[in-house]
Structure formats: structure tokens, C-alpha cells
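Remarks on the structure that follows.
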2 protein chains.
Amino acid sequence: MLSPTPLASRSPAEWRAAIRTGQHVGHTSGLADRHVQGNVVVLPAAHADDFLRYCQRNPKPCPVLAVGEPGDPSLPTLAAGIDIRHDVPGYRVWRDGVLADETTDIAALWQDDFVAFVLGCSFSFEQALMDEGVAIRHVERGDNVAMFRTSIDTVAAGPFAGPLVVTMRPFVAADAIRAVQITSRYPAVHGAPVHLGDPALIGIPDITRPDYGDACEVMPDEVPVFWACGVTPQAALVNARLPLAITHAPGKMLITDLLNHQLAAF
Amino acid sequence: MLSPTPLASRSPAEWRAAIRTGQHVGHTSGLADRHVQGNVVVLPAAHADDFLRYCQRNPKPCPVLAVGEPGDPSLPTLAAGIDIRHDVPGYRVWRDGVLADETTDIAALWQDDFVAFVLGCSFSFEQALMDEGVAIRHVERGDNVAMFRTSIDTVAAGPFAGPLVVTMRPFVAADAIRAVQITSRYPAVHGAPVHLGDPALIGIPDITRPDYGDACEVMPDEVPVFWACGVTPQAALVNARLPLAITHAPGKMLITDLLNHQLAAF
């Protein structure tokens, strides 16, 4: 009998199989790290058009990697064989805008009119930064990235609206400039920063107290750099108070077959 | 008899002809503004190799667009017919590191061993910024850009050494990010910024008091952004105290036939 594949060299398909069978129910950070991971949103078709228009109008926080057909749990452009009902380690079920349940499988909830959305996430550009030698403090510490609600409104579509949420990573100026260059290559995973410097200018009163994630101090020789964040559409989804919506649980993403560098614009 | 070409539509060749014949002896800012202008340095061949190594080691402040053959005043890769002895509106003559003369023609000084260097200048990337809708305050005011000596040393070569000199342009954060993106496309004309944010981190004690050029205030919602500057090699040249060296006079550049957008890396 063959020995199992070491975890570090598992392919995206092997990770999805482990997740589908309940062998892996944890975070996906660092798994198959050359490959694109995505934020997941599942909605009834009646709201899917509005949500897609919301994403189209707010491409920096809501970069759409794929949209499924109504009732179809496959996402063939992201990988052959994906079944979005099983292939995410954790899901959150929202009813009327309130978190109603957290589960590892949504087959029992699936409806014929469900539409699956997969949105780009910052794991891809963080990998690109690290590959180019730009260290990221929260990754080195094993922390979650610091996230903040801003005073910048997204552009509404139907019931979807709310503030832009951003992630913050501190860098010395030379790395901040390099980070603008590198992340500009990745418009499909939030792209270039939306702000740098004074947090108060985008409505963040205290940089040491994030609204989500872990605090990360900004050293005296550093500039805080802010990127649009995938929590933005999740917040808009909660604001919309839909009767039923499903998202991935924080940090438990869909692992796709796409390579991060396939998303590079140039 | 044909009426003369309106100034705004004069070609680079027409401007060089006007300069060669002494009809134009002023600044070249804004002239033939789709075309690349260059900083000029003329040195005896004995020092040219060291100077070229200095430029190679410091490509951000010293981006070499062309180097002539010893004794040859033409620069065919920049335009047919250039004669560097006549085609710059103003020259400065340096003896032993001291400004000895300012003149509109250097034919009388020309030596068989003179080597002409043309280095990229920020006019090209400023034009690219404005073409993309990023306003530049000192240009709107008709001022010279604010320049500062920094605490960053260039890498020496032979007698050439000295501090990195930078230009400063203030922008709101969104424009600062856009400016990093746009100027990154132009490595041949200083490329991406070298610093942004706190001036003290690069040895600038007072942002309101430039070492060269005109002061430009940084508004409370703005970030100062710093680019490597073509004054750097001129300062290194003065430091080297060569028996004889010639540069263009400030603001009086060589107008080439190259289009600014030909320099775009992508």
C-alpha cells in the first residue's frame, strides 16, 4: 500500500478530497500555497443578479473569480470536480442577516436555485509579496490580518450596500512602494492598495484596534498600507438581511487549481 | 512664403534647429511635450568610463538614455542630426568642480576626446502622470520641482560619489498609489519612487525648505512622494572636481525625437 502524500506537497485536488471527506476541517491558510484560494458566497438566484452587479460596481473588494450556474454546485473554470456543497472546510449559514449556523457541509441546505460565487482573496497577493522577498508581519506571526471598516461607502446594488472594509499591512516605505508594484499585477485578488498613510483619512480612528482580525502595530519607520478586503461583500450580505445566504467560514476558503501567478496581469 | 510653424506644434527637430541657431535660449519645459528630454553631461574620455560605471551602479538617479562615441557630437539613437555642441539652449562649464561659465554653445570648447551622456529626466514621467489625470502641483503653478539632498549615499565609482538627490511631489494617497504604478512603467526616466511618507527617514529635516528648486507645501491629507533626481549625477560631477566637465543648464535640456510612451516598460 502506498504511503499518503505528505501534507506540504498535497495538490489542490487532494486537499479538496480531504475536505470533502471531513479529514480536514481547519483553516486553509498556507495549504497548496502556489494555488488560488477563494471567498465563497452562495445565494438564491433571486438575489444573485443584484449581488453580481454589486461585485461589478466594487471590483477592488469584490473581484469575481467564478459564478456558477443556478442549481449547479460545480465551478469548472476553477477546477474539474469541485462540488461547492462539500469542498469548503467550513460554512456559515445566514438567515435574515443573522448567523444561524456553522457547518462543514451544505448538501442538506442546497436548493435548485442556489448560485455560487467565488471571489479572489488576499492570500494570492500575499504569496506574491513573500515570493518577491517582501515580509508580511501578520503572516510571520501566524496572526490573522488586521481589518477595518472605513468611512468609504461601496456602490450599492439592490439590497447590497455598506462600507468598504480594508486590510492593513505595515511596511517601510521601500517595501510599500514594492507592494504597490507587486499587488498591481493582481487585479483579480484585490489589486493595488486603496490607501496608504494616515488612517484617519479613511475613517479609521485607531490603527491599534482593528474591527476584525488581529492587531498589528505600525513601527515609527513604517507606513500603514490598506487594501480592499473580501469582508466587504460579506458585510454587504449581512446588511441585505436575505432570508438565506451561505458564506465560507473565516479562513476556510475554497482551494482552486488555478496558480497564483496565472492571475498576474503582466 | 509659408507662415512659421506654431510653437505648440513644433517638432523636436524644429525646436533643436531654433536652439542651434540661437532663436530659442530659454527653458525647454513643456516644449514638444510628447517627446523625451534629457539631462546632458559631457566629459573627457579619461573620466567617461568611471562616470558610466557610476550611472550603472545608480540607475534610478542616473538612467542612461545614450552615450556618444569619443569626439563625436552626434547621438543617432536619440535623433538624426543631433549635434550636442549646439543643440542645448544652455550649458554650464565646470572647472575643478567650480562653475566657470554658462554659455549657449560649446563648439569652441569641444575636444576630440569628449564623450556626451544623455540621462533620462522626470519631464517624461510627469507628462505620463498628467496624461493619466494625476495633477502635479509645481507644474500647475509653473514652479520648479522641490529637490532635496538625502542621507542616502550613492554607490561610488572612481571620483564620482555623493548623496542621492530626490524630487518631492505631494499627492493624496490614491494619487500616490497611482503615481507608483505609472512611474514604475518608466525605468528609463527614474522609474518608481524611492521613498514616501516621513521625510526625516531619508535625512530631510524640513520638507518646506528644498535644497534646490521651489518649495511646495504638503497638505494635511497628502503624502510626500520622493523620486531619484537627475541632480544626483550633477552633484557627483561637482564632487569629482574634474579639470573640465560640461552639463546642460538647469531646465535647459536636450529635446530628443523619442516619444515618452516609447520608454514605457509595459
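Chain labels run A, B, ... following the order of the C-alpha cells; each chain numbers its residues from 1, and ligands are numbered from 1 in the order shown.
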
Once chain A is superposed on chain B with a least-squares fit on all C-alpha pairs taken in order, can you show it as a PDB file with C-alpha atoms, in the first residue's frame?
ATOM      1  CA  MET A   1       6.378  82.310 -48.305  1.00  0.00           C
ATOM      2  CA  LEU A   2       5.095  79.801 -45.734  1.00  0.00           C
ATOM      3  CA  SER A   3       4.209  81.081 -42.300  1.00  0.00           C
ATOM      4  CA  PRO A   4       6.355  79.644 -39.460  1.00  0.00           C
ATOM      5  CA  THR A   5       5.145  76.571 -37.563  1.00  0.00           C
ATOM      6  CA  PRO A   6       3.155  77.545 -34.446  1.00  0.00           C
ATOM      7  CA  LEU A   7       5.257  76.954 -31.329  1.00  0.00           C
ATOM      8  CA  ALA A   8       2.833  74.438 -29.841  1.00  0.00           C
ATOM      9  CA  SER A   9       3.137  72.138 -32.823  1.00  0.00           C
ATOM     10  CA  ARG A  10       6.870  72.444 -33.437  1.00  0.00           C
ATOM     11  CA  SER A  11       8.599  69.086 -33.796  1.00  0.00           C
ATOM     12  CA  PRO A  12      11.688  68.164 -31.765  1.00  0.00           C
ATOM     13  CA  ALA A  13      13.804  68.742 -34.910  1.00  0.00           C
ATOM     14  CA  GLU A  14      12.281  72.211 -35.345  1.00  0.00           C
ATOM     15  CA  TRP A  15      13.001  73.057 -31.707  1.00  0.00           C
ATOM     16  CA  ARG A  16      16.595  71.807 -32.013  1.00  0.00           C
ATOM     17  CA  ALA A  17      17.029  73.960 -35.144  1.00  0.00           C
ATOM     18  CA  ALA A  18      15.678  77.003 -33.294  1.00  0.00           C
ATOM     19  CA  ILE A  19      18.026  76.280 -30.405  1.00  0.00           C
ATOM     20  CA  ARG A  20      21.033  75.645 -32.646  1.00  0.00           C
ATOM     21  CA  THR A  21      20.558  78.986 -34.389  1.00  0.00           C
ATOM     22  CA  GLY A  22      20.090  80.879 -31.131  1.00  0.00           C
ATOM     23  CA  GLN A  23      16.401  81.652 -31.736  1.00  0.00           C
ATOM     24  CA  HIS A  24      15.500  79.809 -28.534  1.00  0.00           C
ATOM     25  CA  VAL A  25      17.756  80.125 -25.506  1.00  0.00           C
ATOM     26  CA  GLY A  26      15.174  79.575 -22.734  1.00  0.00           C
ATOM     27  CA  HIS A  27      13.917  76.593 -20.735  1.00  0.00           C
ATOM     28  CA  THR A  28      12.624  73.525 -22.572  1.00  0.00           C
ATOM     29  CA  SER A  29       9.873  72.647 -20.086  1.00  0.00           C
ATOM     30  CA  GLY A  30       6.668  71.930 -22.008  1.00  0.00           C
ATOM     31  CA  LEU A  31       8.300  72.082 -25.454  1.00  0.00           C
ATOM     32  CA  ALA A  32       7.455  69.160 -27.789  1.00  0.00           C
ATOM     33  CA  ASP A  33       5.965  67.627 -24.666  1.00  0.00           C
ATOM     34  CA  ARG A  34       5.175  64.214 -26.131  1.00  0.00           C
ATOM     35  CA  HIS A  35       8.921  63.748 -26.598  1.00  0.00           C
ATOM     36  CA  VAL A  36      11.690  62.691 -24.266  1.00  0.00           C
ATOM     37  CA  GLN A  37      14.044  65.378 -22.962  1.00  0.00           C
ATOM     38  CA  GLY A  38      17.379  64.521 -21.424  1.00  0.00           C
ATOM     39  CA  ASN A  39      19.963  65.741 -18.923  1.00  0.00           C
ATOM     40  CA  VAL A  40      23.324  66.291 -20.617  1.00  0.00           C
ATOM     41  CA  VAL A  41      26.819  65.579 -19.286  1.00  0.00           C
ATOM     42  CA  VAL A  42      29.958  65.988 -21.430  1.00  0.00           C
ATOM     43  CA  LEU A  43      33.263  64.645 -20.090  1.00  0.00           C
ATOM     44  CA  PRO A  44      36.770  63.911 -21.356  1.00  0.00           C
ATOM     45  CA  ALA A  45      37.125  60.199 -22.230  1.00  0.00           C
ATOM     46  CA  ALA A  46      39.556  59.700 -19.330  1.00  0.00           C
ATOM     47  CA  HIS A  47      36.628  60.084 -16.920  1.00  0.00           C
ATOM     48  CA  ALA A  48      33.827  58.723 -19.075  1.00  0.00           C
ATOM     49  CA  ASP A  49      34.291  55.075 -18.090  1.00  0.00           C
ATOM     50  CA  ASP A  50      34.105  55.912 -14.391  1.00  0.00           C
ATOM     51  CA  PHE A  51      31.038  58.056 -14.988  1.00  0.00           C
ATOM     52  CA  LEU A  52      29.303  55.294 -16.930  1.00  0.00           C
ATOM     53  CA  ARG A  53      30.055  52.842 -14.130  1.00  0.00           C
ATOM     54  CA  TYR A  54      28.656  55.392 -11.669  1.00  0.00           C
ATOM     55  CA  CYS A  55      25.444  55.558 -13.703  1.00  0.00           C
ATOM     56  CA  GLN A  56      25.280  51.773 -14.000  1.00  0.00           C
ATOM     57  CA  ARG A  57      25.566  51.438 -10.217  1.00  0.00           C
ATOM     58  CA  ASN A  58      22.931  54.117  -9.563  1.00  0.00           C
ATOM     59  CA  PRO A  59      20.339  53.553 -12.264  1.00  0.00           C
ATOM     60  CA  LYS A  60      17.455  55.298 -10.499  1.00  0.00           C
ATOM     61  CA  PRO A  61      19.084  58.761 -10.327  1.00  0.00           C
ATOM     62  CA  CYS A  62      21.251  58.169 -13.435  1.00  0.00           C
ATOM     63  CA  PRO A  63      19.215  56.415 -16.146  1.00  0.00           C
ATOM     64  CA  VAL A  64      21.413  56.498 -19.248  1.00  0.00           C
ATOM     65  CA  LEU A  65      19.479  57.125 -22.470  1.00  0.00           C
ATOM     66  CA  ALA A  66      22.547  57.403 -24.725  1.00  0.00           C
ATOM     67  CA  VAL A  67      26.354  57.665 -24.683  1.00  0.00           C
ATOM     68  CA  GLY A  68      28.187  59.149 -27.656  1.00  0.00           C
ATOM     69  CA  GLU A  69      31.419  57.951 -29.227  1.00  0.00           C
ATOM     70  CA  PRO A  70      34.561  59.831 -28.055  1.00  0.00           C
ATOM     71  CA  GLY A  71      34.903  63.042 -30.038  1.00  0.00           C
ATOM     72  CA  ASP A  72      31.560  62.517 -31.804  1.00  0.00           C
ATOM     73  CA  PRO A  73      28.868  65.133 -31.040  1.00  0.00           C
ATOM     74  CA  SER A  74      26.084  63.092 -32.645  1.00  0.00           C
ATOM     75  CA  LEU A  75      23.637  60.888 -30.735  1.00  0.00           C
ATOM     76  CA  PRO A  76      21.913  58.953 -33.500  1.00  0.00           C
ATOM     77  CA  THR A  77      19.788  56.755 -31.212  1.00  0.00           C
ATOM     78  CA  LEU A  78      18.071  59.867 -29.847  1.00  0.00           C
ATOM     79  CA  ALA A  79      17.545  61.654 -33.168  1.00  0.00           C
ATOM     80  CA  ALA A  80      19.174  61.992 -36.564  1.00  0.00           C
ATOM     81  CA  GLY A  81      21.250  65.155 -36.864  1.00  0.00           C
ATOM     82  CA  ILE A  82      21.767  65.987 -33.196  1.00  0.00           C
ATOM     83  CA  ASP A  83      24.942  67.976 -32.579  1.00  0.00           C
ATOM     84  CA  ILE A  84      25.401  68.131 -28.838  1.00  0.00           C
ATOM     85  CA  ARG A  85      27.750  71.127 -29.253  1.00  0.00           C
ATOM     86  CA  HIS A  86      24.857  73.396 -30.329  1.00  0.00           C
ATOM     87  CA  ASP A  87      21.501  71.733 -29.646  1.00  0.00           C
ATOM     88  CA  VAL A  88      21.011  72.547 -25.959  1.00  0.00           C
ATOM     89  CA  PRO A  89      19.744  76.065 -25.092  1.00  0.00           C
ATOM     90  CA  GLY A  90      22.207  76.512 -22.247  1.00  0.00           C
ATOM     91  CA  TYR A  91      25.348  74.799 -20.963  1.00  0.00           C
ATOM     92  CA  ARG A  92      27.307  75.063 -17.745  1.00  0.00           C
ATOM     93  CA  VAL A  93      31.079  74.719 -17.852  1.00  0.00           C
ATOM     94  CA  TRP A  94      32.710  73.307 -14.726  1.00  0.00           C
ATOM     95  CA  ARG A  95      36.446  73.599 -13.989  1.00  0.00           C
ATOM     96  CA  ASP A  96      37.870  71.821 -10.929  1.00  0.00           C
ATOM     97  CA  GLY A  97      34.343  71.383  -9.635  1.00  0.00           C
ATOM     98  CA  VAL A  98      33.528  75.093  -9.808  1.00  0.00           C
ATOM     99  CA  LEU A  99      31.028  76.708 -12.169  1.00  0.00           C
ATOM    100  CA  ALA A 100      33.274  78.651 -14.561  1.00  0.00           C
ATOM    101  CA  ASP A 101      30.920  79.719 -17.331  1.00  0.00           C
ATOM    102  CA  GLU A 102      27.385  79.494 -18.719  1.00  0.00           C
ATOM    103  CA  THR A 103      27.019  79.537 -22.502  1.00  0.00           C
ATOM    104  CA  THR A 104      24.610  78.699 -25.331  1.00  0.00           C
ATOM    105  CA  ASP A 105      27.136  76.797 -27.489  1.00  0.00           C
ATOM    106  CA  ILE A 106      30.163  74.616 -26.682  1.00  0.00           C
ATOM    107  CA  ALA A 107      31.703  74.259 -30.155  1.00  0.00           C
ATOM    108  CA  ALA A 108      34.659  76.398 -29.098  1.00  0.00           C
ATOM    109  CA  LEU A 109      35.313  74.117 -26.100  1.00  0.00           C
ATOM    110  CA  TRP A 110      34.852  70.792 -27.879  1.00  0.00           C
ATOM    111  CA  GLN A 111      37.736  68.305 -27.642  1.00  0.00           C
ATOM    112  CA  ASP A 112      38.454  65.177 -29.666  1.00  0.00           C
ATOM    113  CA  ASP A 113      38.115  63.062 -26.529  1.00  0.00           C
ATOM    114  CA  PHE A 114      34.785  64.462 -25.309  1.00  0.00           C
ATOM    115  CA  VAL A 115      32.058  61.911 -24.558  1.00  0.00           C
ATOM    116  CA  ALA A 116      28.419  63.019 -24.364  1.00  0.00           C
ATOM    117  CA  PHE A 117      25.981  61.372 -21.969  1.00  0.00           C
ATOM    118  CA  VAL A 118      22.224  61.904 -22.059  1.00  0.00           C
ATOM    119  CA  LEU A 119      20.296  60.821 -18.961  1.00  0.00           C
ATOM    120  CA  GLY A 120      16.543  60.478 -18.566  1.00  0.00           C
ATOM    121  CA  CYS A 121      14.666  63.233 -16.741  1.00  0.00           C
ATOM    122  CA  SER A 122      11.413  63.431 -14.836  1.00  0.00           C
ATOM    123  CA  PHE A 123       9.651  65.529 -17.505  1.00  0.00           C
ATOM    124  CA  SER A 124       8.736  62.239 -19.228  1.00  0.00           C
ATOM    125  CA  PHE A 125       7.099  60.648 -16.209  1.00  0.00           C
ATOM    126  CA  GLU A 126       5.420  63.912 -15.227  1.00  0.00           C
ATOM    127  CA  GLN A 127       3.815  63.983 -18.653  1.00  0.00           C
ATOM    128  CA  ALA A 128       2.694  60.375 -18.175  1.00  0.00           C
ATOM    129  CA  LEU A 129       1.176  61.256 -14.784  1.00  0.00           C
ATOM    130  CA  MET A 130      -0.702  64.238 -16.202  1.00  0.00           C
ATOM    131  CA  ASP A 131      -1.869  62.219 -19.221  1.00  0.00           C
ATOM    132  CA  GLU A 132      -3.459  59.801 -16.748  1.00  0.00           C
ATOM    133  CA  GLY A 133      -5.167  62.596 -14.831  1.00  0.00           C
ATOM    134  CA  VAL A 134      -2.780  62.867 -11.882  1.00  0.00           C
ATOM    135  CA  ALA A 135      -2.267  66.596 -11.280  1.00  0.00           C
ATOM    136  CA  ILE A 136       1.206  67.809 -10.264  1.00  0.00           C
ATOM    137  CA  ARG A 137       1.174  70.913  -8.118  1.00  0.00           C
ATOM    138  CA  HIS A 138       4.497  72.501  -9.097  1.00  0.00           C
ATOM    139  CA  VAL A 139       3.675  72.061 -12.795  1.00  0.00           C
ATOM    140  CA  GLU A 140       0.250  73.668 -12.335  1.00  0.00           C
ATOM    141  CA  ARG A 141       1.945  76.600 -10.603  1.00  0.00           C
ATOM    142  CA  GLY A 142       4.747  76.939 -13.124  1.00  0.00           C
ATOM    143  CA  ASP A 143       7.269  76.294 -10.347  1.00  0.00           C
ATOM    144  CA  ASN A 144      10.400  74.196 -10.451  1.00  0.00           C
ATOM    145  CA  VAL A 145      10.106  70.877  -8.606  1.00  0.00           C
ATOM    146  CA  ALA A 146      11.332  70.805  -4.975  1.00  0.00           C
ATOM    147  CA  MET A 147      14.625  68.895  -4.658  1.00  0.00           C
ATOM    148  CA  PHE A 148      16.406  67.647  -1.549  1.00  0.00           C
ATOM    149  CA  ARG A 149      19.772  66.109  -0.704  1.00  0.00           C
ATOM    150  CA  THR A 150      19.208  62.916   1.292  1.00  0.00           C
ATOM    151  CA  SER A 151      21.191  60.887   3.819  1.00  0.00           C
ATOM    152  CA  ILE A 152      21.296  58.026   1.275  1.00  0.00           C
ATOM    153  CA  ASP A 153      24.726  57.644  -0.351  1.00  0.00           C
ATOM    154  CA  THR A 154      25.003  56.695  -3.981  1.00  0.00           C
ATOM    155  CA  VAL A 155      27.404  53.866  -4.887  1.00  0.00           C
ATOM    156  CA  ALA A 156      30.741  55.465  -5.827  1.00  0.00           C
ATOM    157  CA  ALA A 157      32.739  54.801  -9.007  1.00  0.00           C
ATOM    158  CA  GLY A 158      36.191  56.360  -9.448  1.00  0.00           C
ATOM    159  CA  PRO A 159      35.932  60.004  -8.393  1.00  0.00           C
ATOM    160  CA  PHE A 160      32.135  60.067  -8.628  1.00  0.00           C
ATOM    161  CA  ALA A 161      30.248  59.878  -5.330  1.00  0.00           C
ATOM    162  CA  GLY A 162      27.804  61.809  -3.229  1.00  0.00           C
ATOM    163  CA  PRO A 163      24.324  61.814  -1.774  1.00  0.00           C
ATOM    164  CA  LEU A 164      21.180  60.766  -3.578  1.00  0.00           C
ATOM    165  CA  VAL A 165      19.201  63.873  -4.508  1.00  0.00           C
ATOM    166  CA  VAL A 166      15.433  63.436  -4.752  1.00  0.00           C
ATOM    167  CA  THR A 167      12.474  65.369  -6.091  1.00  0.00           C
ATOM    168  CA  MET A 168       9.308  65.607  -3.973  1.00  0.00           C
ATOM    169  CA  ARG A 169       5.732  65.725  -5.227  1.00  0.00           C
ATOM    170  CA  PRO A 170       2.816  65.692  -2.748  1.00  0.00           C
ATOM    171  CA  PHE A 171      -0.259  63.586  -3.509  1.00  0.00           C
ATOM    172  CA  VAL A 172      -3.363  62.319  -1.755  1.00  0.00           C
ATOM    173  CA  ALA A 173      -2.875  58.599  -1.061  1.00  0.00           C
ATOM    174  CA  ALA A 174      -4.923  57.355  -4.009  1.00  0.00           C
ATOM    175  CA  ASP A 175      -2.836  59.482  -6.398  1.00  0.00           C
ATOM    176  CA  ALA A 176       0.375  58.415  -4.641  1.00  0.00           C
ATOM    177  CA  ILE A 177      -0.537  54.768  -5.303  1.00  0.00           C
ATOM    178  CA  ARG A 178      -1.419  55.612  -8.915  1.00  0.00           C
ATOM    179  CA  ALA A 179       1.868  57.528  -9.254  1.00  0.00           C
ATOM    180  CA  VAL A 180       3.823  54.451  -8.112  1.00  0.00           C
ATOM    181  CA  GLN A 181       2.017  52.398 -10.755  1.00  0.00           C
ATOM    182  CA  ILE A 182       2.511  54.898 -13.570  1.00  0.00           C
ATOM    183  CA  THR A 183       6.145  55.821 -12.897  1.00  0.00           C
ATOM    184  CA  SER A 184       7.067  52.146 -12.446  1.00  0.00           C
ATOM    185  CA  ARG A 185       6.428  51.867 -16.172  1.00  0.00           C
ATOM    186  CA  TYR A 186       9.262  54.344 -16.859  1.00  0.00           C
ATOM    187  CA  PRO A 187      12.543  52.933 -15.509  1.00  0.00           C
ATOM    188  CA  ALA A 188      14.444  54.930 -18.154  1.00  0.00           C
ATOM    189  CA  VAL A 189      13.334  58.207 -16.537  1.00  0.00           C
ATOM    190  CA  HIS A 190      13.879  57.472 -12.802  1.00  0.00           C
ATOM    191  CA  GLY A 191      11.077  54.899 -12.531  1.00  0.00           C
ATOM    192  CA  ALA A 192       9.209  54.241  -9.277  1.00  0.00           C
ATOM    193  CA  PRO A 193       9.600  56.469  -6.213  1.00  0.00           C
ATOM    194  CA  VAL A 194      12.445  55.741  -3.810  1.00  0.00           C
ATOM    195  CA  HIS A 195      10.539  56.865  -0.713  1.00  0.00           C
ATOM    196  CA  LEU A 196       7.197  58.110   0.523  1.00  0.00           C
ATOM    197  CA  GLY A 197       5.986  59.406   3.848  1.00  0.00           C
ATOM    198  CA  ASP A 198       8.249  60.704   6.625  1.00  0.00           C
ATOM    199  CA  PRO A 199      10.992  62.908   5.077  1.00  0.00           C
ATOM    200  CA  ALA A 200      13.204  62.561   8.192  1.00  0.00           C
ATOM    201  CA  LEU A 201      13.721  58.857   7.408  1.00  0.00           C
ATOM    202  CA  ILE A 202      15.839  59.837   4.387  1.00  0.00           C
ATOM    203  CA  GLY A 203      17.595  62.726   6.104  1.00  0.00           C
ATOM    204  CA  ILE A 204      15.373  65.614   5.063  1.00  0.00           C
ATOM    205  CA  PRO A 205      14.986  67.801   8.174  1.00  0.00           C
ATOM    206  CA  ASP A 206      12.476  70.308   6.800  1.00  0.00           C
ATOM    207  CA  ILE A 207      10.172  69.497   3.884  1.00  0.00           C
ATOM    208  CA  THR A 208       9.338  73.192   3.464  1.00  0.00           C
ATOM    209  CA  ARG A 209      12.975  74.096   2.639  1.00  0.00           C
ATOM    210  CA  PRO A 210      14.225  72.342  -0.494  1.00  0.00           C
ATOM    211  CA  ASP A 211      17.944  72.347  -1.306  1.00  0.00           C
ATOM    212  CA  TYR A 212      17.153  73.139  -4.964  1.00  0.00           C
ATOM    213  CA  GLY A 213      14.037  74.296  -6.800  1.00  0.00           C
ATOM    214  CA  ASP A 214      10.903  75.818  -5.330  1.00  0.00           C
ATOM    215  CA  ALA A 215       9.213  74.932  -2.043  1.00  0.00           C
ATOM    216  CA  CYS A 216       5.939  73.002  -2.340  1.00  0.00           C
ATOM    217  CA  GLU A 217       3.737  72.508   0.703  1.00  0.00           C
ATOM    218  CA  VAL A 218       2.351  69.100   1.674  1.00  0.00           C
ATOM    219  CA  MET A 219      -1.327  69.387   2.630  1.00  0.00           C
ATOM    220  CA  PRO A 220      -2.639  67.529   5.727  1.00  0.00           C
ATOM    221  CA  ASP A 221      -4.335  64.883   3.570  1.00  0.00           C
ATOM    222  CA  GLU A 222      -1.269  64.345   1.382  1.00  0.00           C
ATOM    223  CA  VAL A 223       1.762  62.075   1.400  1.00  0.00           C
ATOM    224  CA  PRO A 224       5.091  63.414   0.114  1.00  0.00           C
ATOM    225  CA  VAL A 225       6.432  61.093  -2.583  1.00  0.00           C
ATOM    226  CA  PHE A 226      10.141  61.126  -3.470  1.00  0.00           C
ATOM    227  CA  TRP A 227      11.831  60.156  -6.724  1.00  0.00           C
ATOM    228  CA  ALA A 228      15.529  59.860  -7.550  1.00  0.00           C
ATOM    229  CA  CYS A 229      16.628  63.047  -9.310  1.00  0.00           C
ATOM    230  CA  GLY A 230      18.970  63.880 -12.175  1.00  0.00           C
ATOM    231  CA  VAL A 231      20.694  66.463  -9.986  1.00  0.00           C
ATOM    232  CA  THR A 232      22.366  63.466  -8.281  1.00  0.00           C
ATOM    233  CA  PRO A 233      24.917  62.866 -11.075  1.00  0.00           C
ATOM    234  CA  GLN A 234      25.476  66.601 -11.465  1.00  0.00           C
ATOM    235  CA  ALA A 235      26.331  66.810  -7.754  1.00  0.00           C
ATOM    236  CA  ALA A 236      28.626  63.787  -8.122  1.00  0.00           C
ATOM    237  CA  LEU A 237      30.285  65.524 -11.056  1.00  0.00           C
ATOM    238  CA  VAL A 238      30.912  68.658  -9.004  1.00  0.00           C
ATOM    239  CA  ASN A 239      32.229  66.495  -6.128  1.00  0.00           C
ATOM    240  CA  ALA A 240      34.683  64.832  -8.526  1.00  0.00           C
ATOM    241  CA  ARG A 241      36.387  68.205  -9.195  1.00  0.00           C
ATOM    242  CA  LEU A 242      37.329  67.246 -12.746  1.00  0.00           C
ATOM    243  CA  PRO A 243      39.543  69.750 -14.569  1.00  0.00           C
ATOM    244  CA  LEU A 244      36.764  70.192 -17.137  1.00  0.00           C
ATOM    245  CA  ALA A 245      33.162  69.010 -17.419  1.00  0.00           C
ATOM    246  CA  ILE A 246      30.089  70.387 -19.156  1.00  0.00           C
ATOM    247  CA  THR A 247      26.427  69.939 -18.261  1.00  0.00           C
ATOM    248  CA  HIS A 248      23.166  71.395 -19.506  1.00  0.00           C
ATOM    249  CA  ALA A 249      21.994  74.479 -17.597  1.00  0.00           C
ATOM    250  CA  PRO A 250      19.063  73.800 -15.231  1.00  0.00           C
ATOM    251  CA  GLY A 251      15.794  73.364 -17.119  1.00  0.00           C
ATOM    252  CA  LYS A 252      17.507  73.636 -20.512  1.00  0.00           C
ATOM    253  CA  MET A 253      17.491  70.062 -21.742  1.00  0.00           C
ATOM    254  CA  LEU A 254      18.199  68.197 -24.949  1.00  0.00           C
ATOM    255  CA  ILE A 255      14.935  67.599 -26.844  1.00  0.00           C
ATOM    256  CA  THR A 256      15.053  64.158 -28.509  1.00  0.00           C
ATOM    257  CA  ASP A 257      12.867  62.503 -31.139  1.00  0.00           C
ATOM    258  CA  LEU A 258      11.927  59.651 -28.775  1.00  0.00           C
ATOM    259  CA  LEU A 259       8.312  59.623 -27.678  1.00  0.00           C
ATOM    260  CA  ASN A 260       7.719  59.482 -23.933  1.00  0.00           C
ATOM    261  CA  HIS A 261       5.467  56.466 -24.341  1.00  0.00           C
ATOM    262  CA  GLN A 262       8.238  54.616 -26.160  1.00  0.00           C
ATOM    263  CA  LEU A 263       9.979  54.442 -22.780  1.00  0.00           C
ATOM    264  CA  ALA A 264       7.051  52.640 -21.116  1.00  0.00           C
ATOM    265  CA  ALA A 265       8.136  49.209 -19.907  1.00  0.00           C
ATOM    266  CA  PHE A 266       4.645  47.732 -20.186  1.00  0.00           C
TER     267      PHE A 266
END

For this session: Write out as a PyMOL selection string all residues of stretch 24-203 of chain B that backbone DSSP assigns to strand (DSSP E).
Result: chain B and resi 35-44+64-67+91-95+98-103+114-120+146-153+163-172+195-196
